[in-house]
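Working notes, structure below.
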Amino acid sequence: MEKLLNEDVSKQIKDYLSPMKNNITLVLFTEGDCQTCKETQQLLLEVSQLSDKITVVEKDLKSPEAKEYDISLTPSFVILNDEGVYQGVKFNGIPAGHEINSFLSALMDMSGHDFGFDPSVKARLDKLTRKINIKVFVTLSCPHCPPAVSNAHRLAMSHPMIEGEMIEAQTFPEISNQFNVSGVPKIIIDGTRELVGNQPIEAFLKEIEALA
Amino acid sequence: MFEISVDKFKESNIFETTELFDFLVVGGGPAGLNAALYARRKGLKVGVLTPEVGGQLHNTSEVDNYIGIQNIKGGALSDAFLKHTLELEVPIKTGHFVIKIDKVDERFEVTLDNQQVFYAKTLLYATGGSPRKLDIPGEEQYANIGVSYCTTCDAPFFKNEHVIVSGGGNSAAESVIDLAAWASKITVVHRSQWRADQILLDQHKKIPNLTVHLETQLKEVYGDGLRMKGVKAFDKVNQKEIDIPADGLFIEIGTIPKSDLIQHLAETNEQGEVIVDRDQMTSCPGLFSAGDVTTQPYKQIIISAGEGATAALAATNYIIHHS
Ligand SMILES: Cc1cc2nc3c(=O)[nH]c(=O)nc-3n(C[C@H](O)[C@H](O)[C@H](O)COP(=O)(O)OP(=O)(O)OC[C@H]3O[C@@H](n4cnc5c(N)ncnc54)[C@H](O)[C@@H]3O)c2cc1C
């Protein structure tokens with residue numbers, strides 16, 4: 001297949017990733033020739049070639065890892081920290097188009113880049129007694145979506161009780177219909193509470209606290 | 001295929017100091033970036049504070065009216081603006097909103113949402129606008145479940161469906177063109193006549209299943225609670241109510257100026273737009289404003305950028321005469 005990242009884009013990504021601190025691992029789940037599986041695999045491999053801190057591992061849906069990271073859609077991938085620990089950062093569908101930005105941010109953040117959350121964020125999440133899942137539905141042509149995805153991922157990285165996942169709505173029409181998505185970004189917290197549009201961290205925290 | 005917009009630059013350490021800026025810019029759209037470029041070239045100590053770079057350029061699929069640059073994606077034009085600004089080493093701080101602006105002892109005090117405070121001799125306020133709403137029954141209830149304010153974001157959800165576009169300016173005309181790739185039927189409903197460029201309207205002639213209702217006022221969005229199902233409108237020419245069943249409504253009727261942060265310092269008009277003079281200065285000395293947030297009626301990229309340039313040059317003069 002032809003390269004997905006042209007020379008110019010590769011250079012931009014390489015420069016962007018150059019301050020990465022710690023090693024990280026991307027665990028990719030695919031199934032047969034599912035829609036965008038090949039492209040997602042290729043994107044992860046091409047990006048991993050732009051930094052010596054990124055390793056890509058491939059698994060299938062029947063692997064114990066799929067169970068451990070609660071993977072039900074393909075393509076899906078998670079980003080593990082330098083100790084190989086899953087911190088709740090997941091992507092369902094290819095992070096192309098505008099979503100390349102939430103992908104790159106997640107790589108930097110997981111490698112130890114300080115994303116500047118106030119210490120009070122963690123303190124507020126410490127009150128959680130059960131796991132909370134945050135789904136962010138996106139389209140690849142949505143410029144307001146990547147910040148919403150990054151917020152969900154950063155909350156996940158800030159606390160073990162939070163999982164944040166991007167869901168590319170067109171690749172997964174079934175789950176998009178289930179959550180009645182016809183405008184993005186659409187944020188679903190714990191399967192029930194809903195936020196529309198790109199929202200500040202405070203809005204996420206309020207919804208999460210209402211569930212605690 | 002990849003629209004990279006993550007920060008591609010290291011933040012200047014000027015934002016870690018408490019130095020007094022000559023010219024501080026609030027907003028990283030066309031107006032703010034061009035102003036910063038001009039101010040930097042004049043040798044002013046300048047900085048830009050903005051949550052993100054590019055502003056509404058990111059909502060635009062194609063720009064074809066910025067002279068010298070033909071048919072460019074909004075995101076690519078934003079990148080070109082940023083690249084030029086960074087080549088002159090203009091310090092830009094992204095990731096945070098300004099939440100407060102005050103004038104204390106002839107200096108402007110600007111507070112970010114992380115509580116950081118900056119000081120400046122002059123300030124440019126260029127925060128642009130956010131999408132204007134129709135304010136009709138049902139609009140809020142069906143927001144994001146049929147009603148959309150971002151064509152590029154949401155068009156893919158309306159594959160082979162019937163959508164309505166509300167508005168008569170360039171962004172509505174462009175919305176029709178973008179939607180034609182997805183929807184099977186498009187209906188425009190606009191309360192007066194087209195104001196869009198003829199060149200865009202000419203492209204509409206190639207779109208099958210496009211119906212246009214001019215002089216028609218939208219009255220209500222209705223649905224079944226889960227999804228919108230259509231709109232009610234009033235045809236002013238024939239003086240009758242019409243009902244248009246549809247799956248989606250794209251509202252492209254301009255922007256609401258984000259002038260709230262300086263309402264206590266500068267005069268605004270009834271619509272909340274900041275009133276400026278020929279130098280782009282507001283009623284508050286040393287406080288300038290440019291772009292879509294001002295009373296300037298033609299909200300365009302090149303005009304906003306031009307106003308930013310005027311503001312920077314006028315601020316340079318202002319500083320010379322006030323120090
Ligand atoms: C769909 C669409 C299509 C368009 N197509 C065209 C076209 O083809 N040609 C054309 O000429 N024009 C077009 N326009 C209009 C054009 O985009 C605007 O006129 C132009 O972007 C205005 O520039 P600006 O700098 O004033 O504001 P904006 O572009 O709105 O930028 C405002 C900036 O301020 C920042 N900001 C907001 N609040 C704060 C805060 N509290 N603190 C700090 N920063 C803040 C924002 O993040 C942003 O960076 C289009 C607009 C839309 C919506």
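Lettering and numbering for the structure tokens are positional, with chains as A, B, ... in the shown order, residues counted from 1 in each chain, and ligands counted from 1 in the shown order.
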Check your understanding: Residues at most 10 Å from stretch 43-56 of chain A, counting only C-alpha atoms, excluding those fewer than 4 positions away in the same chain, as a PyMOL selection string?
Key -> chain A and resi 3-5+10-28+37-39+77+79-80+82+94-96+100+103-104+107+111
For those residues, write C-alpha atoms to a file as a compact mmCIF listing (two decimals), in the first residue's frame.
# COMPACT_ATOMS: atom_id res chain seq x y z
CA LYS A 3 2.29 5.53 2.44
CA LEU A 4 -0.45 7.27 4.41
CA LEU A 5 1.80 10.00 5.77
CA SER A 10 5.87 12.77 8.54
CA LYS A 11 8.32 15.55 9.25
CA GLN A 12 5.74 17.55 11.18
CA ILE A 13 4.84 14.52 13.28
CA LYS A 14 8.49 13.63 13.88
CA ASP A 15 9.23 17.16 15.09
CA TYR A 16 6.15 17.16 17.25
CA LEU A 17 7.03 13.84 18.89
CA SER A 18 10.71 14.64 19.42
CA PRO A 19 10.24 15.81 23.06
CA MET A 20 8.54 12.50 24.04
CA LYS A 21 9.91 11.37 27.42
CA ASN A 22 9.05 7.76 28.26
CA ASN A 23 8.50 4.70 26.09
CA ILE A 24 4.91 3.80 25.26
CA THR A 25 3.17 0.84 23.61
CA LEU A 26 0.24 0.86 21.23
CA VAL A 27 -1.81 -2.36 21.33
CA LEU A 28 -3.89 -2.70 18.19
CA CYS A 37 -8.37 -2.03 9.99
CA LYS A 38 -5.59 -2.06 7.38
CA GLU A 39 -5.33 1.72 7.32
CA PHE A 77 -6.18 0.42 19.99
CA ILE A 79 -1.93 3.23 24.59
CA LEU A 80 0.05 1.73 27.47
CA ASP A 82 6.21 2.83 30.06
CA ILE A 94 -8.81 5.39 12.63
CA PRO A 95 -7.62 8.72 14.07
CA ALA A 96 -7.18 10.40 10.67
CA ILE A 100 -4.76 12.90 14.12
CA PHE A 103 -3.88 10.82 18.64
CA LEU A 104 -0.64 12.84 18.68
CA LEU A 107 1.09 9.89 22.52
CA SER A 111 4.98 9.59 27.38
Exercise for review: Please provide as a PyMOL selection string all residues within 7 Å of B:Ser78, with the sequence filter that same-chain residues fewer than 4 positions apart are discarded (counting only C-alpha atoms).
Suggested key: chain B and resi 54+57+74+82
Same residues, all heavy atoms, output as a PDB file, in the first residue's frame:
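Output (again.pdb):
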ATOM      1  N   GLY B  54      -6.290  29.786  14.682  1.00  0.00           N
ATOM      2  CA  GLY B  54      -7.034  29.629  13.422  1.00  0.00           C
ATOM      3  C   GLY B  54      -8.479  30.080  13.500  1.00  0.00           C
ATOM      4  O   GLY B  54      -9.055  30.509  12.512  1.00  0.00           O
ATOM      5  N   LEU B  57     -11.486  29.670  10.823  1.00  0.00           N
ATOM      6  CA  LEU B  57     -10.906  29.076   9.617  1.00  0.00           C
ATOM      7  C   LEU B  57     -11.107  27.558   9.638  1.00  0.00           C
ATOM      8  O   LEU B  57     -11.247  26.924   8.600  1.00  0.00           O
ATOM      9  CB  LEU B  57      -9.407  29.360   9.528  1.00  0.00           C
ATOM     10  CG  LEU B  57      -9.013  30.792   9.207  1.00  0.00           C
ATOM     11  CD1 LEU B  57      -7.509  30.913   9.122  1.00  0.00           C
ATOM     12  CD2 LEU B  57      -9.639  31.214   7.897  1.00  0.00           C
ATOM     13  N   GLY B  74      -9.554  25.707   4.819  1.00  0.00           N
ATOM     14  CA  GLY B  74      -9.465  26.634   5.936  1.00  0.00           C
ATOM     15  C   GLY B  74      -8.297  26.293   6.864  1.00  0.00           C
ATOM     16  O   GLY B  74      -7.532  27.175   7.265  1.00  0.00           O
ATOM     17  N   LEU B  82      -0.067  30.776  10.677  1.00  0.00           N
ATOM     18  CA  LEU B  82       0.733  30.446  11.859  1.00  0.00           C
ATOM     19  C   LEU B  82       2.217  30.380  11.503  1.00  0.00           C
ATOM     20  O   LEU B  82       3.069  30.906  12.227  1.00  0.00           O
ATOM     21  CB  LEU B  82       0.262  29.107  12.446  1.00  0.00           C
ATOM     22  CG  LEU B  82       1.064  28.611  13.647  1.00  0.00           C
ATOM     23  CD1 LEU B  82       0.904  29.577  14.823  1.00  0.00           C
ATOM     24  CD2 LEU B  82       0.625  27.218  14.080  1.00  0.00           C
TER      25      LEU B  82
END
If the cut-off is 9 Å, can you tell me the residues of chain A near chain B, counting only C-alpha atoms? I'd like them as a PDB file with N, CA, C and O atoms, in the first residue's frame.
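The new file iface_29.pdb reads:
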ATOM      1  N   LEU A   4       0.648   6.386   4.010  1.00  0.00           N
ATOM      2  CA  LEU A   4      -0.449   7.268   4.414  1.00  0.00           C
ATOM      3  C   LEU A   4       0.078   8.659   4.727  1.00  0.00           C
ATOM      4  O   LEU A   4      -0.547   9.659   4.434  1.00  0.00           O
ATOM      5  N   LEU A   5       1.240   8.705   5.358  1.00  0.00           N
ATOM      6  CA  LEU A   5       1.803   9.996   5.766  1.00  0.00           C
ATOM      7  C   LEU A   5       2.820  10.425   4.709  1.00  0.00           C
ATOM      8  O   LEU A   5       3.813   9.736   4.496  1.00  0.00           O
ATOM      9  N   VAL A   9       4.012  15.674   6.136  1.00  0.00           N
ATOM     10  CA  VAL A   9       3.280  15.328   7.358  1.00  0.00           C
ATOM     11  C   VAL A   9       4.183  14.504   8.292  1.00  0.00           C
ATOM     12  O   VAL A   9       4.214  14.724   9.505  1.00  0.00           O
ATOM     13  N   GLN A  12       6.446  16.805  10.126  1.00  0.00           N
ATOM     14  CA  GLN A  12       5.744  17.549  11.181  1.00  0.00           C
ATOM     15  C   GLN A  12       5.521  16.662  12.399  1.00  0.00           C
ATOM     16  O   GLN A  12       5.690  17.091  13.537  1.00  0.00           O
ATOM     17  N   ILE A  13       5.123  15.420  12.158  1.00  0.00           N
ATOM     18  CA  ILE A  13       4.845  14.519  13.280  1.00  0.00           C
ATOM     19  C   ILE A  13       6.144  14.187  14.024  1.00  0.00           C
ATOM     20  O   ILE A  13       6.200  14.191  15.253  1.00  0.00           O
ATOM     21  N   ASP A  15       8.846  15.991  14.280  1.00  0.00           N
ATOM     22  CA  ASP A  15       9.233  17.161  15.092  1.00  0.00           C
ATOM     23  C   ASP A  15       8.375  17.248  16.345  1.00  0.00           C
ATOM     24  O   ASP A  15       8.857  17.498  17.438  1.00  0.00           O
ATOM     25  N   TYR A  16       7.070  17.035  16.127  1.00  0.00           N
ATOM     26  CA  TYR A  16       6.150  17.163  17.250  1.00  0.00           C
ATOM     27  C   TYR A  16       6.469  16.140  18.340  1.00  0.00           C
ATOM     28  O   TYR A  16       6.432  16.451  19.529  1.00  0.00           O
ATOM     29  N   PRO A  95      -7.712   7.291  13.729  1.00  0.00           N
ATOM     30  CA  PRO A  95      -7.622   8.723  14.071  1.00  0.00           C
ATOM     31  C   PRO A  95      -6.970   9.510  12.928  1.00  0.00           C
ATOM     32  O   PRO A  95      -5.859  10.000  13.066  1.00  0.00           O
ATOM     33  N   ALA A  96      -7.686   9.616  11.817  1.00  0.00           N
ATOM     34  CA  ALA A  96      -7.184  10.397  10.672  1.00  0.00           C
ATOM     35  C   ALA A  96      -7.909  11.742  10.650  1.00  0.00           C
ATOM     36  O   ALA A  96      -8.591  12.084  11.606  1.00  0.00           O
ATOM     37  N   GLY A  97      -7.778  12.477   9.563  1.00  0.00           N
ATOM     38  CA  GLY A  97      -8.429  13.787   9.459  1.00  0.00           C
ATOM     39  C   GLY A  97      -8.034  14.668  10.631  1.00  0.00           C
ATOM     40  O   GLY A  97      -6.873  14.701  11.035  1.00  0.00           O
ATOM     41  N   HIS A  98      -9.017  15.337  11.231  1.00  0.00           N
ATOM     42  CA  HIS A  98      -8.709  16.185  12.394  1.00  0.00           C
ATOM     43  C   HIS A  98      -8.296  15.355  13.604  1.00  0.00           C
ATOM     44  O   HIS A  98      -7.611  15.844  14.495  1.00  0.00           O
ATOM     45  N   GLU A  99      -8.738  14.097  13.628  1.00  0.00           N
ATOM     46  CA  GLU A  99      -8.501  13.282  14.827  1.00  0.00           C
ATOM     47  C   GLU A  99      -7.025  12.901  14.999  1.00  0.00           C
ATOM     48  O   GLU A  99      -6.626  12.435  16.063  1.00  0.00           O
ATOM     49  N   ILE A 100      -6.209  13.120  13.967  1.00  0.00           N
ATOM     50  CA  ILE A 100      -4.765  12.900  14.120  1.00  0.00           C
ATOM     51  C   ILE A 100      -4.248  13.708  15.328  1.00  0.00           C
ATOM     52  O   ILE A 100      -3.303  13.303  16.015  1.00  0.00           O
ATOM     53  N   ASN A 101      -4.917  14.826  15.598  1.00  0.00           N
ATOM     54  CA  ASN A 101      -4.455  15.688  16.687  1.00  0.00           C
ATOM     55  C   ASN A 101      -4.673  15.094  18.066  1.00  0.00           C
ATOM     56  O   ASN A 101      -3.810  15.207  18.933  1.00  0.00           O
ATOM     57  N   SER A 102      -5.831  14.421  18.258  1.00  0.00           N
ATOM     58  CA  SER A 102      -6.040  13.808  19.576  1.00  0.00           C
ATOM     59  C   SER A 102      -5.106  12.606  19.733  1.00  0.00           C
ATOM     60  O   SER A 102      -4.652  12.297  20.828  1.00  0.00           O
ATOM     61  N   LEU A 104      -1.984  12.334  18.368  1.00  0.00           N
ATOM     62  CA  LEU A 104      -0.636  12.839  18.682  1.00  0.00           C
ATOM     63  C   LEU A 104      -0.565  13.352  20.123  1.00  0.00           C
ATOM     64  O   LEU A 104       0.408  13.108  20.830  1.00  0.00           O
ATOM     65  N   SER A 105      -1.621  14.055  20.547  1.00  0.00           N
ATOM     66  CA  SER A 105      -1.623  14.559  21.934  1.00  0.00           C
ATOM     67  C   SER A 105      -1.566  13.398  22.912  1.00  0.00           C
ATOM     68  O   SER A 105      -0.841  13.457  23.913  1.00  0.00           O
ATOM     69  N   ASP A 118      -4.800  20.961  36.918  1.00  0.00           N
ATOM     70  CA  ASP A 118      -4.687  21.408  38.290  1.00  0.00           C
ATOM     71  C   ASP A 118      -4.737  20.178  39.211  1.00  0.00           C
ATOM     72  O   ASP A 118      -5.486  19.238  38.940  1.00  0.00           O
ATOM     73  N   VAL A 138     -16.983  11.080  17.342  1.00  0.00           N
ATOM     74  CA  VAL A 138     -16.397  12.111  16.465  1.00  0.00           C
ATOM     75  C   VAL A 138     -16.648  11.745  14.998  1.00  0.00           C
ATOM     76  O   VAL A 138     -16.996  10.610  14.677  1.00  0.00           O
ATOM     77  N   THR A 139     -16.444  12.730  14.117  1.00  0.00           N
ATOM     78  CA  THR A 139     -16.231  12.432  12.696  1.00  0.00           C
ATOM     79  C   THR A 139     -14.840  12.972  12.374  1.00  0.00           C
ATOM     80  O   THR A 139     -14.309  13.823  13.105  1.00  0.00           O
ATOM     81  N   LEU A 140     -14.268  12.485  11.294  1.00  0.00           N
ATOM     82  CA  LEU A 140     -12.891  12.886  10.980  1.00  0.00           C
ATOM     83  C   LEU A 140     -12.821  14.299  10.410  1.00  0.00           C
ATOM     84  O   LEU A 140     -11.752  14.893  10.332  1.00  0.00           O
ATOM     85  N   SER A 141     -13.982  14.858  10.042  1.00  0.00           N
ATOM     86  CA  SER A 141     -13.994  16.213   9.482  1.00  0.00           C
ATOM     87  C   SER A 141     -14.408  17.246  10.517  1.00  0.00           C
ATOM     88  O   SER A 141     -14.768  18.360  10.178  1.00  0.00           O
ATOM     89  N   CYS A 142     -14.379  16.877  11.786  1.00  0.00           N
ATOM     90  CA  CYS A 142     -14.856  17.777  12.845  1.00  0.00           C
ATOM     91  C   CYS A 142     -13.681  18.465  13.548  1.00  0.00           C
ATOM     92  O   CYS A 142     -12.924  17.815  14.266  1.00  0.00           O
ATOM     93  N   PRO A 143     -13.537  19.789  13.356  1.00  0.00           N
ATOM     94  CA  PRO A 143     -12.402  20.472  13.984  1.00  0.00           C
ATOM     95  C   PRO A 143     -12.532  20.645  15.493  1.00  0.00           C
ATOM     96  O   PRO A 143     -11.548  20.850  16.173  1.00  0.00           O
ATOM     97  N   HIS A 144     -13.772  20.547  16.020  1.00  0.00           N
ATOM     98  CA  HIS A 144     -13.963  20.753  17.469  1.00  0.00           C
ATOM     99  C   HIS A 144     -13.845  19.462  18.251  1.00  0.00           C
ATOM    100  O   HIS A 144     -13.953  19.471  19.470  1.00  0.00           O
ATOM    101  N   CYS A 145     -13.680  18.344  17.555  1.00  0.00           N
ATOM    102  CA  CYS A 145     -13.712  17.063  18.252  1.00  0.00           C
ATOM    103  C   CYS A 145     -12.410  16.698  18.983  1.00  0.00           C
ATOM    104  O   CYS A 145     -12.470  16.191  20.105  1.00  0.00           O
ATOM    105  N   ALA A 169     -17.646   7.841  14.465  1.00  0.00           N
ATOM    106  CA  ALA A 169     -19.064   7.496  14.302  1.00  0.00           C
ATOM    107  C   ALA A 169     -19.379   6.781  12.993  1.00  0.00           C
ATOM    108  O   ALA A 169     -20.224   5.889  12.956  1.00  0.00           O
ATOM    109  N   GLN A 170     -18.682   7.128  11.922  1.00  0.00           N
ATOM    110  CA  GLN A 170     -19.032   6.506  10.651  1.00  0.00           C
ATOM    111  C   GLN A 170     -18.569   5.060  10.540  1.00  0.00           C
ATOM    112  O   GLN A 170     -19.187   4.259   9.860  1.00  0.00           O
ATOM    113  N   ASN A 180     -27.788   7.555  19.597  1.00  0.00           N
ATOM    114  CA  ASN A 180     -28.509   8.609  18.890  1.00  0.00           C
ATOM    115  C   ASN A 180     -27.586   9.763  18.475  1.00  0.00           C
ATOM    116  O   ASN A 180     -27.867  10.926  18.707  1.00  0.00           O
ATOM    117  N   VAL A 181     -26.462   9.411  17.882  1.00  0.00           N
ATOM    118  CA  VAL A 181     -25.477  10.428  17.507  1.00  0.00           C
ATOM    119  C   VAL A 181     -25.762  10.924  16.094  1.00  0.00           C
ATOM    120  O   VAL A 181     -25.752  10.145  15.148  1.00  0.00           O
ATOM    121  N   SER A 182     -26.065  12.223  15.954  1.00  0.00           N
ATOM    122  CA  SER A 182     -26.095  12.793  14.606  1.00  0.00           C
ATOM    123  C   SER A 182     -25.468  14.175  14.608  1.00  0.00           C
ATOM    124  O   SER A 182     -25.668  14.971  13.703  1.00  0.00           O
ATOM    125  N   GLY A 183     -24.699  14.457  15.657  1.00  0.00           N
ATOM    126  CA  GLY A 183     -23.930  15.689  15.737  1.00  0.00           C
ATOM    127  C   GLY A 183     -22.748  15.410  16.636  1.00  0.00           C
ATOM    128  O   GLY A 183     -22.880  14.651  17.605  1.00  0.00           O
ATOM    129  N   VAL A 184     -21.598  15.971  16.268  1.00  0.00           N
ATOM    130  CA  VAL A 184     -20.388  15.682  17.047  1.00  0.00           C
ATOM    131  C   VAL A 184     -19.652  16.970  17.418  1.00  0.00           C
ATOM    132  O   VAL A 184     -19.830  17.975  16.731  1.00  0.00           O
ATOM    133  N   PRO A 185     -18.795  16.979  18.442  1.00  0.00           N
ATOM    134  CA  PRO A 185     -18.564  15.848  19.329  1.00  0.00           C
ATOM    135  C   PRO A 185     -19.766  15.584  20.231  1.00  0.00           C
ATOM    136  O   PRO A 185     -20.430  16.515  20.657  1.00  0.00           O
ATOM    137  N   LYS A 186     -20.022  14.308  20.495  1.00  0.00           N
ATOM    138  CA  LYS A 186     -21.038  13.949  21.478  1.00  0.00           C
ATOM    139  C   LYS A 186     -20.357  13.096  22.534  1.00  0.00           C
ATOM    140  O   LYS A 186     -19.685  12.116  22.214  1.00  0.00           O
ATOM    141  N   VAL A 196     -22.893  17.808  24.949  1.00  0.00           N
ATOM    142  CA  VAL A 196     -22.861  18.083  23.521  1.00  0.00           C
ATOM    143  C   VAL A 196     -21.860  19.198  23.245  1.00  0.00           C
ATOM    144  O   VAL A 196     -21.808  20.180  23.963  1.00  0.00           O
ATOM    145  N   GLY A 197     -21.028  18.992  22.239  1.00  0.00           N
ATOM    146  CA  GLY A 197     -20.049  20.014  21.870  1.00  0.00           C
ATOM    147  C   GLY A 197     -18.781  19.876  22.678  1.00  0.00           C
ATOM    148  O   GLY A 197     -18.693  19.074  23.610  1.00  0.00           O
TER     149      GLY A 197
END
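Residue nearest ligand 1 within the list B:Ala126, B:Val189, B:Ala120, B:Ala76: B:Ala126 [criterion: smallest interatomic distance, only C-alpha atoms and all ligand atoms].
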Review point. How would you write, as number ranges by chain, the set of residues in stretch 61-263 of chain B that DSSP gives as strand (DSSP E)?
Key: B: 62-63, 72-73, 92-93, 98-104, 107-112, 117-125, 129-131, 147-148, 162-166, 185-189, 210-213, 216-223, 228-235, 240-245, 248-251, 255-257
Review point. Excluding same-chain residues fewer than 5 positions from B:Leu44, what lies within 10 Å of it counting only C-alpha atoms, as an MDAnalysis selection string?
Key: chainID B and resid 21:24 36 38:39 312 315:316 319
Can you tell me, as a short mmCIF file (atom, residue, chain, number, x, y, z; two decimals) with C-alpha atoms, in the first residue's frame, what residues are no more than 12 Å from B:Gly68 when counting only C-alpha atoms, ignoring any on the same chain fewer than 5 positions away?
data_model
loop_
_atom_site.label_atom_id
_atom_site.label_comp_id
_atom_site.auth_asym_id
_atom_site.auth_seq_id
_atom_site.Cartn_x
_atom_site.Cartn_y
_atom_site.Cartn_z
CA VAL B 63 -11.53 29.44 1.03
CA LEU B 77 -4.74 28.76 5.45
CA ILE B 302 -9.19 39.23 4.63
#
Review point. Which of stretch 18-201 of chain A counts as helix (DSSP H, G or I) under DSSP, as an NGL selection string please?
Key: :A and (37-48 or 64-68 or 100-110 or 119-125 or 145-158 or 173-178 or 201)
Practice item. Would you list the contacts of B:Thr17 as a list in words, taking every protein, DNA or RNA residue within 12 Å and counting only C-alpha atoms, but skipping same-chain residues closer than 5 positions in sequence? Key: Ser12, Gln116, Val117, Phe118 and Tyr119 of chain B
Output of the above residues as an mmCIF file, in the first residue's frame, restricted to all heavy atoms:
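Saved the output as out10.cif:
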data_model
loop_
_atom_site.group_PDB
_atom_site.id
_atom_site.type_symbol
_atom_site.label_atom_id
_atom_site.label_comp_id
_atom_site.auth_asym_id
_atom_site.auth_seq_id
_atom_site.Cartn_x
_atom_site.Cartn_y
_atom_site.Cartn_z
ATOM 1 N N SER B 12 7.065 30.350 24.015
ATOM 2 C CA SER B 12 8.100 31.310 24.391
ATOM 3 C C SER B 12 8.121 31.473 25.907
ATOM 4 O O SER B 12 7.091 31.434 26.565
ATOM 5 C CB SER B 12 7.769 32.649 23.740
ATOM 6 O OG SER B 12 8.441 33.678 24.395
ATOM 7 N N GLN B 116 -3.238 32.689 35.491
ATOM 8 C CA GLN B 116 -2.051 33.487 35.150
ATOM 9 C C GLN B 116 -2.498 34.888 34.729
ATOM 10 O O GLN B 116 -3.529 35.028 34.063
ATOM 11 C CB GLN B 116 -1.326 32.828 33.978
ATOM 12 C CG GLN B 116 0.064 32.341 34.318
ATOM 13 C CD GLN B 116 0.797 31.867 33.071
ATOM 14 O OE1 GLN B 116 0.260 31.057 32.325
ATOM 15 N NE2 GLN B 116 1.994 32.358 32.863
ATOM 16 N N VAL B 117 -1.706 35.900 35.100
ATOM 17 C CA VAL B 117 -2.078 37.281 34.764
ATOM 18 C C VAL B 117 -0.968 37.927 33.936
ATOM 19 O O VAL B 117 0.215 37.721 34.203
ATOM 20 C CB VAL B 117 -2.306 38.117 36.050
ATOM 21 C CG1 VAL B 117 -2.763 39.535 35.705
ATOM 22 C CG2 VAL B 117 -3.335 37.448 36.946
ATOM 23 N N PHE B 118 -1.354 38.653 32.901
ATOM 24 C CA PHE B 118 -0.388 39.383 32.073
ATOM 25 C C PHE B 118 -0.761 40.859 32.041
ATOM 26 O O PHE B 118 -1.921 41.215 32.211
ATOM 27 C CB PHE B 118 -0.381 38.807 30.645
ATOM 28 C CG PHE B 118 0.003 37.361 30.605
ATOM 29 C CD1 PHE B 118 -0.959 36.371 30.472
ATOM 30 C CD2 PHE B 118 1.334 36.982 30.748
ATOM 31 C CE1 PHE B 118 -0.608 35.036 30.461
ATOM 32 C CE2 PHE B 118 1.697 35.643 30.747
ATOM 33 C CZ PHE B 118 0.722 34.668 30.601
ATOM 34 N N TYR B 119 0.258 41.697 31.797
ATOM 35 C CA TYR B 119 0.042 43.145 31.792
ATOM 36 C C TYR B 119 0.470 43.731 30.453
ATOM 37 O O TYR B 119 1.442 43.273 29.849
ATOM 38 C CB TYR B 119 0.840 43.794 32.923
ATOM 39 C CG TYR B 119 0.466 43.238 34.277
ATOM 40 C CD1 TYR B 119 1.166 42.161 34.824
ATOM 41 C CD2 TYR B 119 -0.615 43.752 34.980
ATOM 42 C CE1 TYR B 119 0.814 41.613 36.048
ATOM 43 C CE2 TYR B 119 -0.986 43.215 36.204
ATOM 44 C CZ TYR B 119 -0.270 42.148 36.735
ATOM 45 O OH TYR B 119 -0.642 41.609 37.938
#
